[in-house]
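Engineer: Below you will find the structure I want to go over with you.
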Amino acid sequence: MVIGAGPYGLSVTAHLLAAGVDVRIFGEIMGSWRHAMATGMFLKSTPQATDLSAPEPGGTLADFCRAVGESVLTELTPIPCTTFVRYGMWFTERYVGEVENTHVRTVERSRTGYRVCLEDGEEIDTAAVVVATGLGALAHVPPRLLPLAPDGPGPDAALSHTSQHTDLSRYAGHRVAVLGGGQSALESAALLHEAGADVRVLVRGPRIRWGDTPVLHRPLVQRIVRPSSPLGTGWALAAVCHAPGAVRVLPAPARLLLHRRALGPSGGWWLRERVDGVLPVHCSRHITHAHLHGKQAHLTLAGAGEGPRELSVDHVLAATGYRLDLEALAFLSPALRHRLARVPGSRAPRLTGAFESSFPCLYFTGSLAAPTFGPMLRFVAGTAFAARRITAHVTERVRRHDGRSEAAAPLPGSGSTGRRHDEQARGTGTRNP
């Protein structure tokens, strides 16, 4: 069973199906990309870092563009989120088949592996579970800001997180403070300004970092000195992208340092002209106190930067990132969450080289795997590595048990209550164990 139908869930499912494994996948196809990204946003990633992983040639973003009669995108063409969502839907039809748009309520251990309860009451026994739920439940709002939203952050409160928005035009004519110096903060600020909001950007760092404009054809010397990778140029990024498995053998403190320091907050090169010199940006500023005064959010600011020390706005938009914390995955039973081994010094799961957690046949992929395998797992570029590793491990377990010995609880599909993806559902042939 796969929980989550974003890039990682779809890619893992596609590979498992191609290997002949029974799979049920739950979630809304590309749900986070459809509901946690404001209208008008673009991907920061380049096309070469945006391909989902198909088990056979023909499933890249470029293949999708050709299939629907659109121009193939280059590094000089920012990718609209809407295009990426359409690509994910096309990939699903081609390689995955049916995705069950149902929430998983609980996952707990059982005698045969795991028992999964769905929101409609159906209970499923499954031998294995792949958690590919993305960042939705991991959004982080600093506790210091929470007095601005007594009933919880949200678009209708004085405080929200960027992941809670699909339409920022609702703040036209409002005064809005955007917190953060990364892509999400800067693009949200640009969209707010263009929708008619009065925007200020507050950045903790001393300056905003912008990406370099891509060069399609670099001289050989430049390619040697700073090799390309899906995450950017330079030997360090090239190394972690080429060998995420090798990152895992580093000591935990080194991996966590790499996770925190690699690819810090920055804005896409194409976004700079919409922000730099257009919006008021206050660097070296942080909030020491926040409270509501009537319906207004009142902020007390500190830091070495120039600008206001007190600020009143109608809304505070926190582009404050995500925290990798297993405790946020409420669908995992308390017994599972509390007993899962963590990467030392973090709240992320400790994983084997096959993405398996300390519980057998419970896998985690995507951002929750980044403290184990490095920064590539924070991006779509890591889907191929994850999907192949998980699929190889699952199919090896099937072979080791002679296939038939575990037929009553196929890996990682469902038991007697489950459904088998057949050739018609996938649109392509598949062999079943």
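Labels used: A, B, ... for chains in the order of the structure tokens, numbers from 1 for residues in each chain, and numbers from 1 for ligands as shown.
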Please provide the set of residues having any atom within 12 Å of Leu179 (chain A), restricted to only C-alpha atoms, with same-chain residues fewer than 5 positions apart removed, written as a compact mmCIF listing (two decimals) with C-alpha atoms, in the first residue's frame.
Structural biologist:
# COMPACT_ATOMS: atom_id res chain seq x y z
CA VAL A 141 4.67 28.18 12.12
CA PRO A 142 6.94 29.58 14.88
CA LEU A 145 3.42 33.95 16.06
CA LEU A 159 -1.86 34.54 10.46
CA SER A 160 -1.45 31.81 7.88
CA HIS A 161 1.21 29.56 6.36
CA THR A 162 1.96 29.68 2.64
CA SER A 184 7.83 30.57 -1.27
CA ALA A 185 8.08 33.90 0.57
CA LEU A 186 9.37 35.90 -2.37
CA GLU A 187 6.95 34.52 -4.95
CA SER A 188 4.02 34.91 -2.56
CA ALA A 189 5.05 38.51 -1.94
CA VAL A 199 3.34 44.05 1.07
CA ARG A 200 6.44 44.08 3.28
CA VAL A 201 8.92 41.20 3.33
CA LEU A 202 10.78 40.45 6.58
CA VAL A 203 13.93 38.35 6.21
CA ARG A 204 16.09 37.01 9.06
CA GLY A 205 19.20 36.76 6.91
CA VAL A 281 12.32 44.00 1.78
CA HIS A 282 13.77 44.33 5.29
CA CYS A 283 16.72 42.01 5.91
CA SER A 284 18.31 41.10 9.26
CA ARG A 285 14.92 41.42 10.90
CA HIS A 286 13.11 38.98 13.17
CA ILE A 287 9.97 39.11 15.27
CA LEU A 299 4.65 42.86 15.39
CA LEU A 301 10.86 43.61 15.28
CA HIS A 315 -2.31 39.69 7.83
CA VAL A 316 0.95 37.85 8.44
CA LEU A 317 1.92 35.23 5.87
CA ALA A 318 4.49 32.81 7.26
CA ALA A 319 6.75 31.28 4.64
CA THR A 320 8.59 29.59 7.48
CA GLY A 321 9.11 26.19 5.96
Engineer: Taking a cut-off of 10 Å and counting only C-alpha atoms, can you build a table that, for each residue of region 187-222 of chain A near region 244-266 of chain A, reports the nearest atom pair and how far apart they are in Å (one decimal), sorted by chain then residue number, as CSV?
Structural biologist:
residue,atom,partner,partner_atom,distance
A:Gly205,CA,A:Pro265,CA,9.3
A:Arg207,CA,A:Ser266,CA,9.7
A:Ile208,CA,A:Ser266,CA,6.5
A:Arg209,CA,A:Ser266,CA,4.7
A:Trp210,CA,A:Ser266,CA,5.4
A:Gly211,CA,A:Ser266,CA,6.8
Engineer: I need the residues from that last selection saved to file as a tab-separated table (two decimals), in the first residue's frame (with N, CA and C atoms), if you can.
Structural biologist:
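Saved file result-v7.tsv follows:
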chain	number	residue	atom	x	y	z
A	205	GLY	N	17.83	36.71	7.41
A	205	GLY	CA	19.20	36.76	6.91
A	205	GLY	C	19.61	38.16	6.50
A	207	ARG	N	20.71	39.17	3.65
A	207	ARG	CA	20.40	39.53	2.26
A	207	ARG	C	19.56	38.42	1.63
A	208	ILE	N	18.98	38.73	0.50
A	208	ILE	CA	18.27	37.73	-0.29
A	208	ILE	C	19.24	37.13	-1.30
A	209	ARG	N	19.23	35.82	-1.39
A	209	ARG	CA	20.05	35.12	-2.38
A	209	ARG	C	19.17	34.80	-3.59
A	210	TRP	N	19.71	35.08	-4.77
A	210	TRP	CA	19.00	34.79	-6.01
A	210	TRP	C	19.76	33.76	-6.82
A	211	GLY	N	19.03	32.89	-7.49
A	211	GLY	CA	19.67	31.92	-8.36
A	211	GLY	C	20.26	32.58	-9.59
Engineer: Give me the residues near His293 (chain A) as an NGL selection string, where near means some atom within 10 Å (using only C-alpha atoms) and where sequence neighbours in that chain fewer than 4 positions away do not count.
Structural biologist: :A and (148 or 297-298 or 312)
Engineer: Taking only region 327-389 of chain A into account, list the residues labelled helix (DSSP H, G or I) by DSSP (computed from the backbone), as a ChimeraX atom specification.
Structural biologist: /A:327-328,334-339,366-373,375-378,380-389
Engineer: Would you save the residues of that selection, restricted to N, CA, C and O atoms, as a CSV table (one decimal), in the first residue's frame?
Structural biologist:
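Generated file (part05.csv):
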chain,number,residue,atom,x,y,z
A,327,GLU,N,5.9,12.9,14.6
A,327,GLU,CA,4.8,13.1,15.4
A,327,GLU,C,3.7,13.8,14.6
A,327,GLU,O,2.5,13.8,15.1
A,328,ALA,N,4.0,14.5,13.5
A,328,ALA,CA,3.0,15.2,12.8
A,328,ALA,C,2.1,14.2,11.9
A,328,ALA,O,1.1,14.6,11.4
A,334,PRO,N,0.0,5.7,17.7
A,334,PRO,CA,1.0,6.1,18.7
A,334,PRO,C,2.1,5.1,18.9
A,334,PRO,O,3.2,5.4,19.1
A,335,ALA,N,1.7,3.8,18.9
A,335,ALA,CA,2.7,2.7,19.1
A,335,ALA,C,3.7,2.8,18.0
A,335,ALA,O,4.9,2.5,18.3
A,336,LEU,N,3.3,3.0,16.8
A,336,LEU,CA,4.3,3.1,15.7
A,336,LEU,C,5.1,4.3,15.8
A,336,LEU,O,6.4,4.3,15.7
A,337,ARG,N,4.5,5.5,16.0
A,337,ARG,CA,5.2,6.8,16.0
A,337,ARG,C,6.3,6.8,17.1
A,337,ARG,O,7.4,7.2,16.9
A,338,HIS,N,5.9,6.3,18.3
A,338,HIS,CA,6.7,6.5,19.4
A,338,HIS,C,7.9,5.5,19.4
A,338,HIS,O,9.0,5.7,20.0
A,339,ARG,N,7.7,4.3,18.7
A,339,ARG,CA,8.8,3.3,18.7
A,339,ARG,C,9.6,3.3,17.5
A,339,ARG,O,10.6,2.6,17.4
A,366,GLY,N,10.5,10.7,0.1
A,366,GLY,CA,10.3,12.1,0.0
A,366,GLY,C,11.1,12.8,1.1
A,366,GLY,O,12.2,12.3,1.5
A,367,SER,N,10.7,14.0,1.6
A,367,SER,CA,11.4,14.8,2.5
A,367,SER,C,11.8,14.1,3.8
A,367,SER,O,12.8,14.4,4.4
A,368,LEU,N,10.9,13.2,4.3
A,368,LEU,CA,11.3,12.5,5.5
A,368,LEU,C,12.5,11.6,5.4
A,368,LEU,O,13.1,11.2,6.4
A,369,ALA,N,12.9,11.3,4.1
A,369,ALA,CA,14.1,10.5,3.9
A,369,ALA,C,15.3,11.4,3.7
A,369,ALA,O,16.4,10.9,3.6
A,370,ALA,N,15.2,12.7,3.6
A,370,ALA,CA,16.3,13.6,3.3
A,370,ALA,C,17.4,13.6,4.4
A,370,ALA,O,18.6,13.6,4.1
A,371,PRO,N,17.0,13.5,5.7
A,371,PRO,CA,18.1,13.4,6.7
A,371,PRO,C,18.9,12.1,6.6
A,371,PRO,O,20.0,12.0,7.2
A,372,THR,N,18.4,11.1,5.9
A,372,THR,CA,19.2,9.9,5.7
A,372,THR,C,19.9,9.9,4.3
A,372,THR,O,21.1,9.5,4.3
A,373,PHE,N,19.3,10.4,3.3
A,373,PHE,CA,19.9,10.3,1.9
A,373,PHE,C,20.4,11.6,1.4
A,373,PHE,O,20.9,11.7,0.3
A,375,PRO,N,20.0,16.0,0.4
A,375,PRO,CA,19.0,17.0,0.0
A,375,PRO,C,18.2,16.6,-1.3
A,375,PRO,O,17.2,17.2,-1.5
A,376,MET,N,18.7,15.7,-2.1
A,376,MET,CA,18.0,15.4,-3.3
A,376,MET,C,16.6,14.8,-3.0
A,376,MET,O,15.7,15.0,-3.8
A,377,LEU,N,16.4,14.2,-1.8
A,377,LEU,CA,15.1,13.7,-1.5
A,377,LEU,C,14.1,14.7,-1.1
A,377,LEU,O,13.0,14.4,-0.9
A,378,ARG,N,14.6,16.0,-1.0
A,378,ARG,CA,13.6,17.1,-0.8
A,378,ARG,C,13.0,17.5,-2.1
A,378,ARG,O,12.0,18.4,-2.0
A,380,VAL,N,11.7,16.6,-6.4
A,380,VAL,CA,11.2,15.6,-7.3
A,380,VAL,C,12.4,14.8,-7.9
A,380,VAL,O,12.2,13.7,-8.3
A,381,ALA,N,13.5,15.4,-8.0
A,381,ALA,CA,14.7,14.7,-8.6
A,381,ALA,C,15.0,13.4,-7.9
A,381,ALA,O,15.7,12.6,-8.5
A,382,GLY,N,14.6,13.2,-6.7
A,382,GLY,CA,14.9,12.0,-6.0
A,382,GLY,C,14.0,10.9,-6.2
A,382,GLY,O,14.2,9.8,-5.6
A,383,THR,N,12.9,11.1,-7.0
A,383,THR,CA,11.9,10.0,-7.2
A,383,THR,C,12.5,8.7,-7.8
A,383,THR,O,12.1,7.6,-7.3
A,384,ALA,N,13.4,8.8,-8.7
A,384,ALA,CA,13.9,7.6,-9.4
A,384,ALA,C,14.7,6.8,-8.4
A,384,ALA,O,14.6,5.6,-8.3
A,385,PHE,N,15.6,7.4,-7.6
A,385,PHE,CA,16.4,6.7,-6.6
A,385,PHE,C,15.5,6.0,-5.6
A,385,PHE,O,15.7,4.8,-5.3
A,386,ALA,N,14.5,6.7,-5.1
A,386,ALA,CA,13.6,6.1,-4.1
A,386,ALA,C,12.8,5.0,-4.7
A,386,ALA,O,12.7,3.9,-4.1
A,387,ALA,N,12.2,5.2,-5.8
A,387,ALA,CA,11.3,4.2,-6.4
A,387,ALA,C,12.0,2.9,-6.7
A,387,ALA,O,11.5,1.8,-6.5
A,388,ARG,N,13.2,3.0,-7.2
A,388,ARG,CA,14.0,1.8,-7.6
A,388,ARG,C,14.5,1.1,-6.4
A,388,ARG,O,14.4,-0.2,-6.3
A,389,ARG,N,14.9,1.8,-5.3
A,389,ARG,CA,15.4,1.1,-4.1
A,389,ARG,C,14.2,0.4,-3.4
A,389,ARG,O,14.4,-0.8,-3.0
Engineer: Given the choices A:Gly4, A:Gly267, A:Gly27, A:Gly353, which gets closest to Asp212 (chain A) if the distance is worked out from only C-alpha atoms?
Structural biologist: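 Of the candidates, the smallest distance to Asp212 (chain A) is held by A:Gly267.
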Engineer: Taking only C-alpha atoms into account, which of A:Pro155, A:Tyr114, A:Lys295, A:Gly136 comes nearest Phe359 (chain A)?
Structural biologist: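 Among the listed residues, the smallest separation from Phe359 (chain A) belongs to A:Tyr114.
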Engineer: Among region 71-168 of chain A, which residues carry a DSSP assignment of strand (DSSP E), reported as number ranges by chain?
Structural biologist: A: 79-80, 104-110, 113-118, 123-126, 129-131, 159-161
Engineer: Only N, CA and C atoms, please: the residues just picked out, written as an mmCIF file, in the first residue's frame.
Structural biologist:
data_model
loop_
_atom_site.group_PDB
_atom_site.id
_atom_site.type_symbol
_atom_site.label_atom_id
_atom_site.label_comp_id
_atom_site.auth_asym_id
_atom_site.auth_seq_id
_atom_site.Cartn_x
_atom_site.Cartn_y
_atom_site.Cartn_z
ATOM 1 N N ILE A 79 8.573 26.721 -15.062
ATOM 2 C CA ILE A 79 7.498 25.747 -15.239
ATOM 3 C C ILE A 79 6.301 26.144 -14.387
ATOM 4 N N PRO A 80 5.160 26.454 -14.984
ATOM 5 C CA PRO A 80 3.968 26.751 -14.181
ATOM 6 C C PRO A 80 3.552 25.537 -13.357
ATOM 7 N N VAL A 104 -6.398 8.059 4.622
ATOM 8 C CA VAL A 104 -6.063 6.979 5.544
ATOM 9 C C VAL A 104 -6.195 7.513 6.957
ATOM 10 N N ARG A 105 -7.042 6.859 7.753
ATOM 11 C CA ARG A 105 -7.271 7.323 9.119
ATOM 12 C C ARG A 105 -6.205 6.804 10.075
ATOM 13 N N THR A 106 -5.909 5.504 10.019
ATOM 14 C CA THR A 106 -4.919 4.937 10.936
ATOM 15 C C THR A 106 -4.126 3.834 10.245
ATOM 16 N N VAL A 107 -2.886 3.700 10.681
ATOM 17 C CA VAL A 107 -2.031 2.575 10.304
ATOM 18 C C VAL A 107 -1.469 2.008 11.599
ATOM 19 N N GLU A 108 -1.675 0.724 11.800
ATOM 20 C CA GLU A 108 -1.152 0.088 13.014
ATOM 21 C C GLU A 108 -0.637 -1.295 12.674
ATOM 22 N N ARG A 109 0.178 -1.824 13.569
ATOM 23 C CA ARG A 109 0.733 -3.162 13.356
ATOM 24 C C ARG A 109 -0.350 -4.211 13.494
ATOM 25 N N SER A 110 -0.181 -5.303 12.731
ATOM 26 C CA SER A 110 -1.078 -6.447 12.853
ATOM 27 C C SER A 110 -0.250 -7.720 12.758
ATOM 28 N N GLY A 113 1.247 -7.963 9.284
ATOM 29 C CA GLY A 113 1.984 -6.797 8.803
ATOM 30 C C GLY A 113 1.405 -5.525 9.371
ATOM 31 N N TYR A 114 0.418 -4.957 8.629
ATOM 32 C CA TYR A 114 -0.190 -3.700 9.054
ATOM 33 C C TYR A 114 -1.681 -3.733 8.769
ATOM 34 N N ARG A 115 -2.434 -3.097 9.655
ATOM 35 C CA ARG A 115 -3.867 -2.905 9.425
ATOM 36 C C ARG A 115 -4.086 -1.415 9.175
ATOM 37 N N VAL A 116 -4.743 -1.125 8.062
ATOM 38 C CA VAL A 116 -4.993 0.255 7.639
ATOM 39 C C VAL A 116 -6.491 0.494 7.652
ATOM 40 N N CYS A 117 -6.907 1.560 8.324
ATOM 41 C CA CYS A 117 -8.308 1.929 8.376
ATOM 42 C C CYS A 117 -8.500 3.214 7.577
ATOM 43 N N LEU A 118 -9.445 3.182 6.641
ATOM 44 C CA LEU A 118 -9.731 4.329 5.801
ATOM 45 C C LEU A 118 -10.835 5.179 6.419
ATOM 46 N N GLU A 123 -11.366 -1.512 6.424
ATOM 47 C CA GLU A 123 -10.125 -1.950 7.046
ATOM 48 C C GLU A 123 -9.399 -2.890 6.095
ATOM 49 N N ILE A 124 -8.107 -2.679 5.961
ATOM 50 C CA ILE A 124 -7.301 -3.428 5.005
ATOM 51 C C ILE A 124 -6.093 -3.999 5.726
ATOM 52 N N ASP A 125 -5.847 -5.274 5.518
ATOM 53 C CA ASP A 125 -4.614 -5.887 5.994
ATOM 54 C C ASP A 125 -3.605 -5.871 4.866
ATOM 55 N N THR A 126 -2.433 -5.368 5.131
ATOM 56 C CA THR A 126 -1.402 -5.249 4.103
ATOM 57 C C THR A 126 -0.058 -5.653 4.688
ATOM 58 N N VAL A 129 3.726 -0.963 3.888
ATOM 59 C CA VAL A 129 3.189 0.382 3.703
ATOM 60 C C VAL A 129 4.325 1.301 3.282
ATOM 61 N N VAL A 130 4.081 2.095 2.243
ATOM 62 C CA VAL A 130 5.014 3.138 1.819
ATOM 63 C C VAL A 130 4.377 4.488 2.137
ATOM 64 N N VAL A 131 5.029 5.268 2.993
ATOM 65 C CA VAL A 131 4.532 6.585 3.363
ATOM 66 C C VAL A 131 5.175 7.610 2.429
ATOM 67 N N LEU A 159 -3.105 35.259 10.711
ATOM 68 C CA LEU A 159 -1.859 34.537 10.460
ATOM 69 C C LEU A 159 -2.158 33.294 9.643
ATOM 70 N N SER A 160 -1.327 33.040 8.648
ATOM 71 C CA SER A 160 -1.454 31.806 7.878
ATOM 72 C C SER A 160 -0.079 31.358 7.415
ATOM 73 N N HIS A 161 -0.007 30.129 6.953
ATOM 74 C CA HIS A 161 1.208 29.560 6.361
ATOM 75 C C HIS A 161 1.008 29.511 4.844
#
Engineer: Looking at A:Leu329, A:Leu340, A:Ala243, A:Leu52, which one is nearest to Ala137 (chain A), with distances taken over only C-alpha atoms?
Structural biologist: A:Leu329
Engineer: Of the candidates A:Leu135, A:Met30, A:Ala354, A:Leu191, which one gets nearest to Ser163 (chain A) if we count only C-alpha atoms?
Structural biologist: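 Comparing A:Leu135, A:Met30, A:Ala354, A:Leu191 against Ser163 (chain A), the winner is A:Leu135.
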Engineer: Tell me, in Å to one decimal, how far CA of Ser229 (chain A) is from CA of Phe64 (chain A).
Structural biologist: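 Taking CA of Ser229 (chain A) as the start and CA of Phe64 (chain A) as the end point, the length is 21.9 Å.
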Engineer: Measuring between only C-alpha atoms, which one of A:Arg400, A:His193, A:Arg342, A:Arg309 shows the shortest distance to Leu168 (chain A)?
Structural biologist: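 With only C-alpha atoms as the atom set, the closest residue is A:His193.
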Engineer: Using Å and a single decimal, report how far CA of Thr112 (chain A) sits from CA of Gly134 (chain A).
Structural biologist: 26.7 Å
